[in-house]
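So this one's my_file_33.txt, compact mmCIF, C-alpha atoms:
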# COMPACT_ATOMS: atom_id res chain seq x y z
CA MET A 19 83.12 105.37 139.13
CA ALA A 20 83.38 108.76 137.44
CA LYS A 21 80.14 110.69 137.14
CA LEU A 22 78.94 111.06 133.54
CA GLU A 23 78.71 114.67 132.36
CA TYR A 24 77.25 116.05 129.14
CA ASP A 25 77.57 119.33 127.26
CA GLU A 26 74.64 121.53 126.24
CA ASN A 27 74.14 119.44 123.08
CA GLY A 28 73.95 116.16 124.99
CA ARG A 29 77.47 115.00 124.08
CA LEU A 30 79.15 112.82 126.69
CA LEU A 31 82.30 114.53 127.99
CA PHE A 32 85.66 113.11 128.98
CA THR A 33 86.14 114.65 132.41
CA LYS A 34 89.18 115.39 134.58
CA GLU A 35 88.12 112.59 136.90
CA MET A 36 88.09 110.18 133.94
CA LYS A 37 91.67 111.15 133.09
CA GLN A 38 92.71 109.57 136.39
CA GLU A 39 90.52 106.46 136.18
CA TYR A 40 90.01 105.59 132.52
CA THR A 41 92.15 103.76 129.96
CA ILE A 42 92.10 105.52 126.60
CA LEU A 43 92.15 103.22 123.59
CA MET A 44 93.71 104.52 120.37
CA PRO A 45 93.62 102.78 116.96
CA GLN A 46 96.74 101.79 115.07
CA MET A 47 97.87 103.24 111.73
CA LEU A 48 101.59 104.07 111.75
CA PRO A 49 103.40 101.87 114.30
CA ILE A 50 106.49 104.09 114.69
CA HIS A 51 104.68 107.44 114.74
CA PHE A 52 101.75 106.28 116.85
CA GLY A 53 104.13 104.48 119.22
CA MET A 54 105.73 107.82 120.04
CA PHE A 55 102.35 109.56 120.24
CA ARG A 56 101.21 106.95 122.80
CA GLN A 57 104.31 107.36 124.96
CA MET A 58 103.99 111.15 124.94
CA LEU A 59 100.35 110.99 125.98
CA GLN A 60 101.27 108.62 128.80
CA LEU A 61 103.89 111.07 130.03
CA GLU A 62 101.17 113.74 130.04
CA GLY A 63 99.29 111.68 132.61
CA TYR A 64 96.88 109.81 130.33
CA GLN A 65 96.50 106.04 130.54
CA VAL A 66 96.73 105.11 126.87
CA GLU A 67 96.84 101.74 125.13
CA GLN A 68 97.37 101.24 121.43
CA LEU A 69 95.16 98.64 119.76
CA ASN A 70 96.80 95.94 117.66
CA ASN A 71 93.90 93.50 117.47
CA CYS A 72 93.28 92.43 113.89
CA GLY A 73 91.75 89.64 111.85
CA ARG A 74 88.25 88.80 110.68
CA ASN A 75 86.75 89.51 114.12
CA VAL A 76 87.53 93.21 113.65
CA VAL A 77 85.82 93.28 110.25
CA ASP A 78 82.78 91.38 111.54
CA GLU A 79 82.41 93.72 114.52
CA GLY A 80 82.59 96.69 112.16
CA LEU A 81 79.93 95.21 109.89
CA LYS A 82 77.54 94.95 112.85
CA TYR A 83 77.55 98.70 113.36
CA VAL A 84 78.69 100.32 110.08
CA HIS A 85 76.96 99.95 106.71
CA ASN A 86 79.20 98.06 104.29
CA ASP A 87 78.91 100.91 101.78
CA THR A 88 80.55 103.25 104.30
CA CYS A 89 84.26 103.99 104.06
CA TYR A 90 86.22 100.80 104.83
CA PRO A 91 88.68 102.56 107.19
CA ALA A 92 85.70 103.72 109.29
CA LEU A 93 84.42 100.17 109.46
CA LEU A 94 87.86 98.88 110.52
CA VAL A 95 88.53 101.56 113.14
CA ILE A 96 85.10 101.13 114.70
CA GLY A 97 85.39 97.34 114.44
CA GLN A 98 88.79 97.46 116.15
CA PHE A 99 87.34 99.52 119.00
CA MET A 100 84.28 97.31 119.46
CA ASP A 101 86.32 94.09 119.28
CA ALA A 102 88.77 95.43 121.86
CA ILE A 103 86.00 96.49 124.25
CA ARG A 104 84.25 93.13 123.97
CA ASN A 105 87.24 90.79 123.86
CA GLY A 106 90.27 92.74 125.10
CA GLY A 107 89.69 92.30 128.81
CA TYR A 108 88.81 95.95 129.42
CA ASP A 109 86.15 97.19 131.82
CA PRO A 110 83.78 98.99 129.41
CA HIS A 111 82.87 101.40 132.22
CA LYS A 112 86.51 102.48 132.51
CA VAL A 113 87.56 103.06 128.89
CA ALA A 114 87.46 106.04 126.53
CA LEU A 115 88.15 106.10 122.80
CA PHE A 116 90.49 108.37 120.81
CA ILE A 117 89.59 109.24 117.24
CA THR A 118 90.65 112.03 114.86
CA GLN A 119 88.10 114.49 113.49
CA THR A 120 89.00 116.43 110.36
CA GLY A 121 85.87 118.37 109.47
CA GLY A 122 86.64 118.12 105.74
CA GLY A 123 84.64 116.90 102.76
CA CYS A 124 85.82 113.28 103.06
CA ARG A 125 83.62 110.69 104.72
CA ALA A 126 86.34 110.49 107.39
CA SER A 127 84.64 113.54 108.91
CA ASN A 128 81.78 111.23 109.94
CA TYR A 129 83.90 108.65 111.79
CA ILE A 130 83.29 110.18 115.20
CA HIS A 131 79.53 110.28 114.70
CA LEU A 132 79.49 106.71 113.36
CA LEU A 133 81.48 105.56 116.40
CA ARG A 134 79.10 107.19 118.86
CA LYS A 135 76.15 105.70 116.96
CA ALA A 136 77.78 102.25 117.16
CA LEU A 137 78.29 102.59 120.92
CA GLU A 138 74.64 103.57 121.41
CA LYS A 139 73.49 100.64 119.28
CA ALA A 140 75.65 98.27 121.35
CA GLY A 141 74.24 99.64 124.60
CA MET A 142 77.53 101.30 125.51
CA GLY A 143 76.66 104.95 125.08
CA TYR A 144 78.30 105.60 128.44
CA ILE A 145 81.77 105.26 126.83
CA PRO A 146 83.22 108.72 126.06
CA VAL A 147 84.73 109.44 122.65
CA ILE A 148 87.57 111.98 122.55
CA SER A 149 87.89 114.00 119.37
CA ILE A 150 91.49 114.73 118.35
CA SER A 151 90.94 117.96 116.49
CA PHE A 152 91.71 121.64 116.58
CA GLY A 153 88.74 123.18 118.33
CA LEU A 154 85.87 121.12 116.87
CA GLU A 155 85.11 119.53 120.24
CA LYS A 156 86.42 120.16 123.74
CA ASN A 157 86.64 117.93 126.79
CA PRO A 158 87.50 119.01 130.36
CA GLY A 159 89.80 116.00 130.81
CA PHE A 160 91.76 116.24 127.55
CA THR A 161 93.56 119.23 126.08
CA LEU A 162 95.87 119.52 123.11
CA THR A 163 98.31 121.93 124.72
CA LEU A 164 100.86 123.81 122.63
CA PRO A 165 103.81 121.88 124.17
CA LEU A 166 102.07 118.59 123.36
CA ILE A 167 101.25 119.70 119.80
CA ARG A 168 104.88 120.69 119.36
CA LYS A 169 106.03 117.24 120.50
CA LEU A 170 103.56 115.54 118.17
CA ILE A 171 104.80 117.56 115.17
CA TYR A 172 108.43 116.69 115.86
CA ALA A 173 107.49 113.04 116.45
CA MET A 174 105.98 113.04 112.97
CA MET A 175 109.27 114.27 111.46
CA TYR A 176 111.40 111.77 113.33
CA GLY A 177 108.86 109.02 112.61
CA ASP A 178 109.08 109.64 108.87
CA LEU A 179 112.87 109.45 108.92
CA ILE A 180 112.93 106.25 111.00
CA MET A 181 110.29 104.66 108.75
CA ASN A 182 112.28 105.67 105.65
CA VAL A 183 115.63 104.24 106.75
CA ALA A 184 114.09 101.14 108.36
CA ASN A 185 112.32 100.31 105.08
CA GLN A 186 115.63 100.57 103.23
CA VAL A 187 117.42 98.28 105.72
CA ARG A 188 114.76 95.68 106.55
CA PRO A 189 114.81 93.77 103.20
CA TYR A 190 118.57 93.28 103.44
CA GLU A 191 119.34 92.90 107.17
CA GLU A 192 121.47 89.87 108.02
CA THR A 193 119.74 89.42 111.38
CA VAL A 194 115.98 89.61 110.98
CA GLY A 195 114.47 92.15 113.35
CA ASP A 196 117.49 94.46 113.67
CA ALA A 197 115.73 97.38 111.97
CA ASP A 198 112.59 96.96 114.08
CA ARG A 199 114.58 96.77 117.31
CA LEU A 200 116.54 99.91 116.49
CA ALA A 201 113.34 101.72 115.48
CA ALA A 202 111.79 100.87 118.88
CA GLN A 203 114.93 102.08 120.68
CA TRP A 204 114.87 105.40 118.86
CA GLN A 205 111.18 105.90 119.65
CA SER A 206 111.86 105.66 123.37
CA ARG A 207 115.02 107.75 123.18
CA LEU A 208 113.27 110.54 121.31
CA VAL A 209 110.30 110.66 123.69
CA ALA A 210 112.70 110.83 126.65
CA THR A 211 114.58 113.63 124.88
CA PHE A 212 111.34 115.56 124.32
CA GLN A 213 110.50 115.33 128.01
CA THR A 214 113.72 117.18 128.84
CA GLY A 215 112.76 119.94 126.42
CA LYS A 216 115.33 118.91 123.83
CA GLY A 217 115.19 117.63 120.27
CA MET A 218 112.44 120.07 119.34
CA SER A 219 114.25 122.76 117.43
CA ARG A 220 115.60 122.71 113.90
CA GLY A 221 119.16 123.00 115.17
CA GLN A 222 118.81 120.03 117.50
CA MET A 223 116.91 118.06 114.89
CA ARG A 224 119.71 118.61 112.36
CA THR A 225 122.03 116.96 114.90
CA ILE A 226 119.74 114.01 115.65
CA PHE A 227 118.79 113.19 112.04
CA PRO A 228 122.35 112.17 111.04
CA GLN A 229 122.65 110.07 114.22
CA ILE A 230 119.55 108.11 113.25
CA CYS A 231 120.88 107.60 109.70
CA SER A 232 124.29 106.54 111.00
CA GLU A 233 122.93 103.92 113.40
CA PHE A 234 120.65 102.38 110.80
CA ALA A 235 123.48 102.42 108.24
CA ALA A 236 125.56 100.40 110.71
CA ILE A 237 123.10 97.47 110.66
CA PRO A 238 124.80 94.58 108.77
CA VAL A 239 123.11 93.97 105.41
CA SER A 240 123.74 91.70 102.44
CA GLY A 241 122.24 90.62 99.14
CA ALA A 242 121.61 92.16 95.76
CA GLU A 243 119.28 95.11 95.33
CA LYS A 244 115.67 93.95 95.30
CA VAL A 245 112.76 95.12 93.20
CA ARG A 246 111.42 98.32 94.77
CA VAL A 247 107.66 98.68 95.10
CA GLY A 248 106.02 101.97 96.03
CA VAL A 249 102.90 101.97 98.21
CA VAL A 250 100.42 104.82 97.83
CA GLY A 251 96.70 105.28 98.40
CA GLU A 252 94.12 106.42 100.93
CA ILE A 253 96.06 107.35 104.05
CA TYR A 254 94.68 104.69 106.41
CA ILE A 255 94.81 101.84 103.88
CA LYS A 256 98.27 102.97 102.76
CA PHE A 257 99.81 102.88 106.23
CA SER A 258 97.73 100.47 108.33
CA ALA A 259 98.60 96.76 108.27
CA LEU A 260 95.02 96.09 109.40
CA GLY A 261 93.68 98.09 106.46
CA ASN A 262 95.94 96.65 103.75
CA ASN A 263 96.28 93.07 105.01
CA ALA A 264 99.92 93.55 106.05
CA LEU A 265 100.91 94.71 102.56
CA GLU A 266 104.47 95.70 103.47
CA GLN A 267 105.12 92.34 105.12
CA PHE A 268 103.72 90.57 102.07
CA LEU A 269 106.00 92.53 99.74
CA LEU A 270 108.99 91.62 101.92
CA SER A 271 107.99 87.95 101.82
CA GLU A 272 107.88 88.15 98.02
CA GLY A 273 111.44 89.47 97.88
CA ALA A 274 110.59 93.13 97.23
CA GLU A 275 111.62 96.35 98.97
CA PRO A 276 108.59 98.45 100.00
CA VAL A 277 108.93 102.20 99.44
CA VAL A 278 106.31 104.11 101.43
CA PRO A 279 106.05 107.93 101.15
CA GLY A 280 105.86 109.48 104.61
CA LEU A 281 103.27 111.45 106.54
CA THR A 282 105.01 114.84 106.29
CA ASP A 283 103.94 115.54 102.70
CA PHE A 284 100.33 114.79 103.65
CA ILE A 285 100.49 117.25 106.56
CA ILE A 286 102.03 119.97 104.35
CA PHE A 287 99.36 119.21 101.73
CA LYS A 288 96.60 119.75 104.29
CA ILE A 289 98.13 123.05 105.42
CA TYR A 290 98.58 124.16 101.81
CA ASN A 291 94.90 123.43 101.15
CA ARG A 292 93.95 126.12 103.67
CA VAL A 293 96.00 128.58 101.62
CA VAL A 294 94.33 127.35 98.42
CA ASP A 295 90.89 127.86 99.96
CA VAL A 296 91.62 131.55 100.46
CA ASP A 297 93.19 131.89 97.01
CA ILE A 298 90.25 130.26 95.21
CA TYR A 299 87.24 131.14 97.33
CA GLY A 300 88.42 134.16 99.30
CA GLY A 301 88.72 134.50 103.05
CA SER A 302 90.97 135.77 105.78
CA ALA A 303 94.35 137.09 104.66
CA VAL A 304 95.58 136.55 108.22
CA LYS A 305 94.63 132.86 108.08
CA ARG A 306 96.42 132.57 104.75
CA ALA A 307 99.57 134.21 106.11
CA VAL A 308 99.62 132.03 109.25
CA CYS A 309 99.15 128.86 107.20
CA ARG A 310 101.94 129.88 104.82
CA LEU A 311 104.26 130.55 107.75
CA PHE A 312 103.48 127.19 109.34
CA MET A 313 103.87 125.42 106.00
CA ARG A 314 107.28 127.00 105.39
CA TYR A 315 108.48 125.82 108.79
CA VAL A 316 107.35 122.22 108.23
CA GLN A 317 108.91 122.30 104.75
CA ALA A 318 112.19 123.55 106.23
CA CYS A 319 112.18 120.61 108.65
CA GLN A 320 111.47 118.28 105.73
CA HIS A 321 114.48 119.72 103.88
CA ASP A 322 116.64 118.95 106.93
CA MET A 323 115.46 115.34 106.85
CA ILE A 324 116.17 115.02 103.12
CA ALA A 325 119.62 116.59 103.59
CA ALA A 326 120.47 114.04 106.31
CA LEU A 327 119.46 111.14 104.06
CA ARG A 328 121.54 112.47 101.17
CA ALA A 329 124.55 113.14 103.38
CA SER A 330 124.43 109.59 104.79
CA GLY A 331 125.82 108.13 101.58
CA ARG A 332 123.73 105.03 102.30
CA PHE A 333 120.08 105.97 101.95
CA ARG A 334 117.93 107.26 99.10
CA ALA A 335 116.16 110.53 99.82
CA PRO A 336 112.63 111.36 98.62
CA GLY A 337 111.71 114.60 96.90
CA ASP A 338 110.19 117.43 98.91
CA PHE A 339 106.69 118.88 98.77
CA ALA A 340 107.75 121.47 96.16
CA ASP A 341 108.93 118.62 93.91
CA LEU A 342 105.56 116.90 94.24
CA HIS A 343 103.71 120.10 93.44
CA ARG A 344 105.88 120.69 90.40
CA LEU A 345 105.39 117.14 89.09
CA ILE A 346 101.59 117.35 89.28
CA GLN A 347 101.40 120.39 86.99
CA GLY A 348 99.51 119.44 83.83
CA TYR A 349 97.76 116.56 85.55
CA LEU A 350 95.61 117.95 88.37
CA GLY A 351 94.97 121.40 89.80
CA ASP A 352 95.21 122.68 93.36
CA GLY A 353 91.44 122.59 93.71
CA CYS A 354 91.50 118.76 93.54
CA LYS A 355 92.03 118.28 97.26
CA MET A 356 89.35 116.00 98.73
CA GLY A 357 90.80 112.98 100.47
CA GLU A 358 94.41 112.67 99.33
CA GLY A 359 93.62 114.87 96.31
CA TRP A 360 96.37 115.64 93.82
CA LEU A 361 98.99 114.48 96.33
CA LEU A 362 98.24 110.81 95.61
CA THR A 363 98.93 111.20 91.89
CA ALA A 364 101.99 113.33 92.68
CA GLU A 365 103.37 110.57 94.92
CA MET A 366 103.07 108.11 92.04
CA LEU A 367 104.86 110.55 89.74
CA GLU A 368 107.63 111.12 92.30
CA LEU A 369 108.11 107.36 92.69
CA ILE A 370 108.33 106.90 88.93
CA HIS A 371 110.82 109.76 88.56
CA SER A 372 112.98 108.39 91.40
CA GLY A 373 113.28 104.92 89.87
CA THR A 374 110.42 103.14 91.65
CA GLY A 375 108.06 102.53 88.77
CA ASN A 376 106.40 99.51 90.40
CA ILE A 377 103.52 100.82 92.50
CA VAL A 378 100.61 99.44 94.49
CA CYS A 379 97.75 101.94 94.78
CA ALA A 380 95.80 100.74 97.82
CA GLN A 381 92.34 102.15 98.30
CA PRO A 382 89.04 101.40 100.04
CA PHE A 383 86.42 100.23 97.57
CA GLY A 384 84.01 103.08 96.92
CA CYS A 385 86.39 105.83 98.10
CA LEU A 386 85.38 108.37 95.46
CA PRO A 387 88.36 110.76 95.83
CA ASN A 388 90.85 107.91 95.55
CA HIS A 389 89.09 106.30 92.61
CA ILE A 390 89.59 109.59 90.76
CA VAL A 391 93.12 110.61 91.79
CA GLY A 392 94.34 107.04 92.22
CA LYS A 393 92.80 104.47 89.90
CA GLY A 394 91.47 107.17 87.60
CA MET A 395 94.95 108.55 86.85
CA ILE A 396 96.77 105.26 86.26
CA ARG A 397 95.99 105.09 82.53
CA LYS A 398 97.32 108.62 82.01
CA LEU A 399 100.50 107.82 83.94
CA LYS A 400 101.04 104.62 81.95
CA ASP A 401 100.56 106.54 78.71
CA ASP A 402 103.20 109.08 79.74
CA TYR A 403 105.52 106.51 81.37
CA PRO A 404 105.12 103.21 79.44
CA THR A 405 107.52 101.29 81.69
CA SER A 406 105.60 102.22 84.84
CA ASN A 407 104.01 99.18 86.46
CA ILE A 408 101.03 100.23 88.58
CA VAL A 409 98.31 98.06 90.07
CA SER A 410 95.28 99.33 91.99
CA VAL A 411 94.04 97.10 94.78
CA ASP A 412 90.67 97.58 96.45
CA TYR A 413 90.16 96.72 100.11
CA ASP A 414 86.71 96.15 101.57
CA PRO A 415 84.88 93.60 103.77
CA SER A 416 84.14 91.25 100.86
CA ALA A 417 87.55 91.42 99.17
CA THR A 418 89.60 88.27 99.73
CA LYS A 419 93.24 88.50 100.72
CA ILE A 420 94.25 85.88 98.15
CA ASN A 421 92.75 87.87 95.26
CA GLN A 422 94.54 91.02 96.45
CA GLU A 423 97.84 89.18 96.75
CA ASN A 424 97.43 87.53 93.34
CA ARG A 425 97.03 90.96 91.73
CA ILE A 426 100.20 92.12 93.47
CA LYS A 427 102.06 88.95 92.44
CA LEU A 428 101.18 89.65 88.79
CA MET A 429 102.56 93.16 89.20
CA LEU A 430 105.75 91.74 90.74
CA ALA A 431 106.12 89.24 87.90
CA ASN A 432 105.80 92.11 85.44
CA ALA A 433 108.37 94.08 87.46
CA THR A 434 110.85 91.22 87.15
CA ARG A 435 110.25 91.00 83.40
CA ILE A 436 110.79 94.76 82.95
CA ARG A 437 113.97 94.57 85.03
CA GLU A 438 115.34 91.73 82.90
CA GLN A 439 114.53 93.61 79.70
CA GLU A 440 116.28 96.74 80.96
CA ALA A 441 119.34 94.71 82.01
CA ALA A 442 119.49 93.03 78.60
CA ALA A 443 119.24 96.40 76.85
CA THR A 444 122.32 97.69 78.69
CA GLU A 445 124.50 94.66 77.86
Same coordinates, now as structure tokens:
Amino acid sequence: MAKLEYDENGRLLFTKEMKQEYTILMPQMLPIHFGMFRQMLQLEGYQVEQLNNCGRNVVDEGLKYVHNDTCYPALLVIGQFMDAIRNGGYDPHKVALFITQTGGGCRASNYIHLLRKALEKAGMGYIPVISISFGLEKNPGFTLTLPLIRKLIYAMMYGDLIMNVANQVRPYEETVGDADRLAAQWQSRLVATFQTGKGMSRGQMRTIFPQICSEFAAIPVSGAEKVRVGVVGEIYIKFSALGNNALEQFLLSEGAEPVVPGLTDFIIFKIYNRVVDVDIYGGSAVKRAVCRLFMRYVQACQHDMIAALRASGRFRAPGDFADLHRLIQGYLGDGCKMGEGWLLTAEMLELIHSGTGNIVCAQPFGCLPNHIVGKGMIRKLKDDYPTSNIVSVDYDPSATKINQENRIKLMLANATRIREQEAAATE
């Protein structure tokens, strides 16, 4: 058994010896993106397993160790970890836990401390927690190297494209599961490509993007166009099936086409916020210049993805980050950046402008940033766009799935009515 080591502040470290012996558990949020992240970490020599345990057991485990007034995503992530350790067949003395650490003003900054507190309370303080962050914490056995960071960034881009085209195929595929099978194939192919040092330049990416679009476009589809429903909200609840009670699957079962804005805009938004900090509050001009340079590169990659979608002749393309920033003018300022900040409202505006006026705004109950930029902006958006059809749905330990689904069903019924009225008006 690996010897436990601590830093000068008493924090348990993940050591080099643990890298060889321990299984690292990582929570689930974005199946396609995180699937590639897991494979890349495994190829770096880490033993990594992605958690897919769900259900009431996860919530109940979270409630044992996290106050129910705390952010619901924190409760779910910690509950998923604790449920997996207790019931997943793992040796608790041979596991470590991955969790992101942002350091921002959102309560998400406290996840790592809440997790360590939960482990201590459960008598498992000997389990190391690995912070995925840029310099906030360091561990001898885990390093975010530049080559790995580069792979993760490109995986995000490819993941967004695969998620986009899969969502546009899945509601219409003649053989159920074709889109998911092709998505899994591309995940493995891309990771293998990265390991050979390829696929990680804009030139190579511009070649691969059209290939992905072409293969998904070749999946046999049929049926009339379905009602499109946009999904926005707090990032974990928006993307995680555990957090939103399998919202996308429910929309599919109700005959709708889910439209989910990708992760890239959120990443650009977070980089842009570092620039805004210097503009508003002052700070390092060098930091500002570096952030602008990085942001321009990610935006250029995003433009390549959008160009591939448009050139496919089959798939709708989203707007870019500049479009979102332009749409939000007159609604919210750049200083509104806690949580998802102005980006959440901008995503709703972009969906409305692109013909997806039916929107589910999914948020944890009590998430103050999202109640302002999400639920708090819906009335204004409906005033400006009377045919928009937006419903906010709260997710927390006491919220019942049937009540959430009934609210969404009412929104879908209204969407059908609006569609019929618009069709009648054009006759």
Residues of stretch 69-182 of chain A within 10 Å of stretch 186-200 of chain A: nearest atom pair and distance (Å, one decimal) for each, counting all atoms listed in the file, sorted by chain and number, as a Markdown table?
| residue | atom | partner | partner_atom | distance |
| --- | --- | --- | --- | --- |
| A:Ile180 | CA | A:Leu200 | CA | 9.1 |
| A:Met181 | CA | A:Gln186 | CA | 8.7 |
| A:Asn182 | CA | A:Gln186 | CA | 6.6 |
Do a neighbour search on stretch 373-390 of chain A at 9 Å with all atoms listed in the file, toss out local chain neighbours closer than 6 positions, and write the hits as a PDB file with C-alpha atoms, in the frame of the given file.
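So the final result, stored in out_31.pdb, reads:
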ATOM      1  CA  ASP A  87      78.910 100.910 101.780  1.00  0.00           C
ATOM      2  CA  THR A  88      80.550 103.250 104.300  1.00  0.00           C
ATOM      3  CA  CYS A  89      84.260 103.990 104.060  1.00  0.00           C
ATOM      4  CA  TYR A  90      86.220 100.800 104.830  1.00  0.00           C
ATOM      5  CA  PRO A  91      88.680 102.560 107.190  1.00  0.00           C
ATOM      6  CA  CYS A 124      85.820 113.280 103.060  1.00  0.00           C
ATOM      7  CA  ARG A 125      83.620 110.690 104.720  1.00  0.00           C
ATOM      8  CA  VAL A 245     112.760  95.120  93.200  1.00  0.00           C
ATOM      9  CA  ARG A 246     111.420  98.320  94.770  1.00  0.00           C
ATOM     10  CA  VAL A 247     107.660  98.680  95.100  1.00  0.00           C
ATOM     11  CA  GLY A 248     106.020 101.970  96.030  1.00  0.00           C
ATOM     12  CA  VAL A 249     102.900 101.970  98.210  1.00  0.00           C
ATOM     13  CA  VAL A 250     100.420 104.820  97.830  1.00  0.00           C
ATOM     14  CA  GLY A 251      96.700 105.280  98.400  1.00  0.00           C
ATOM     15  CA  GLU A 252      94.120 106.420 100.930  1.00  0.00           C
ATOM     16  CA  ILE A 253      96.060 107.350 104.050  1.00  0.00           C
ATOM     17  CA  TYR A 254      94.680 104.690 106.410  1.00  0.00           C
ATOM     18  CA  ILE A 255      94.810 101.840 103.880  1.00  0.00           C
ATOM     19  CA  LYS A 256      98.270 102.970 102.760  1.00  0.00           C
ATOM     20  CA  GLY A 261      93.680  98.090 106.460  1.00  0.00           C
ATOM     21  CA  ASN A 262      95.940  96.650 103.750  1.00  0.00           C
ATOM     22  CA  VAL A 277     108.930 102.200  99.440  1.00  0.00           C
ATOM     23  CA  CYS A 354      91.500 118.760  93.540  1.00  0.00           C
ATOM     24  CA  LYS A 355      92.030 118.280  97.260  1.00  0.00           C
ATOM     25  CA  MET A 356      89.350 116.000  98.730  1.00  0.00           C
ATOM     26  CA  GLY A 357      90.800 112.980 100.470  1.00  0.00           C
ATOM     27  CA  GLU A 358      94.410 112.670  99.330  1.00  0.00           C
ATOM     28  CA  GLY A 359      93.620 114.870  96.310  1.00  0.00           C
ATOM     29  CA  LEU A 362      98.240 110.810  95.610  1.00  0.00           C
ATOM     30  CA  MET A 366     103.070 108.110  92.040  1.00  0.00           C
ATOM     31  CA  LEU A 367     104.860 110.550  89.740  1.00  0.00           C
ATOM     32  CA  TYR A 403     105.520 106.510  81.370  1.00  0.00           C
ATOM     33  CA  THR A 405     107.520 101.290  81.690  1.00  0.00           C
ATOM     34  CA  SER A 406     105.600 102.220  84.840  1.00  0.00           C
ATOM     35  CA  ASN A 407     104.010  99.180  86.460  1.00  0.00           C
ATOM     36  CA  ILE A 408     101.030 100.230  88.580  1.00  0.00           C
ATOM     37  CA  VAL A 409      98.310  98.060  90.070  1.00  0.00           C
ATOM     38  CA  SER A 410      95.280  99.330  91.990  1.00  0.00           C
ATOM     39  CA  VAL A 411      94.040  97.100  94.780  1.00  0.00           C
ATOM     40  CA  ASP A 412      90.670  97.580  96.450  1.00  0.00           C
ATOM     41  CA  TYR A 413      90.160  96.720 100.110  1.00  0.00           C
ATOM     42  CA  ASP A 414      86.710  96.150 101.570  1.00  0.00           C
ATOM     43  CA  ILE A 426     100.200  92.120  93.470  1.00  0.00           C
ATOM     44  CA  MET A 429     102.560  93.160  89.200  1.00  0.00           C
ATOM     45  CA  LEU A 430     105.750  91.740  90.740  1.00  0.00           C
ATOM     46  CA  ASN A 432     105.800  92.110  85.440  1.00  0.00           C
ATOM     47  CA  ALA A 433     108.370  94.080  87.460  1.00  0.00           C
TER      48      ALA A 433
END
For atom CA of A:Gly97 and atom CA of A:Gly141, the interatomic separation in Å (one decimal)
15.3 Å
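Taking atom CA of A:Val76 and atom CA of A:Asn263 as the two end points, the separation is 12.3 Å.
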Determine, counting all atoms listed in the file, every residue of protein, DNA or RNA that lies within 6 Å of (98.4, 99.5, 109.0) in the file coordinates, then give the result as a PyMOL selection string.
chain A and resi 47+257-261
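You can rank A:Leu133, A:Leu179, A:Ala443, A:Leu31 by their closest distance to A:Met223 using all atoms listed in the file, and at the top of that list sits A:Leu179.
Nearest to A:Val183 of all the residues A:Leu311, A:Leu61, A:Leu94, A:Met323 is A:Met323, based on only C-alpha atoms.
Among the candidates A:Leu93, A:Leu170, A:Ile150, A:Ala431, the residue lying nearest to A:Ala274 is A:Ala431 (atoms considered: all atoms listed in the file).
The space between atom CA of A:Leu369 and atom CA of A:Ala340 spans 14.5 Å.
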For A:Val239, which residue out of A:Ala184, A:Leu345, A:Val296, A:Ala210 is the nearest one, using all atoms listed in the file?
A:Ala184
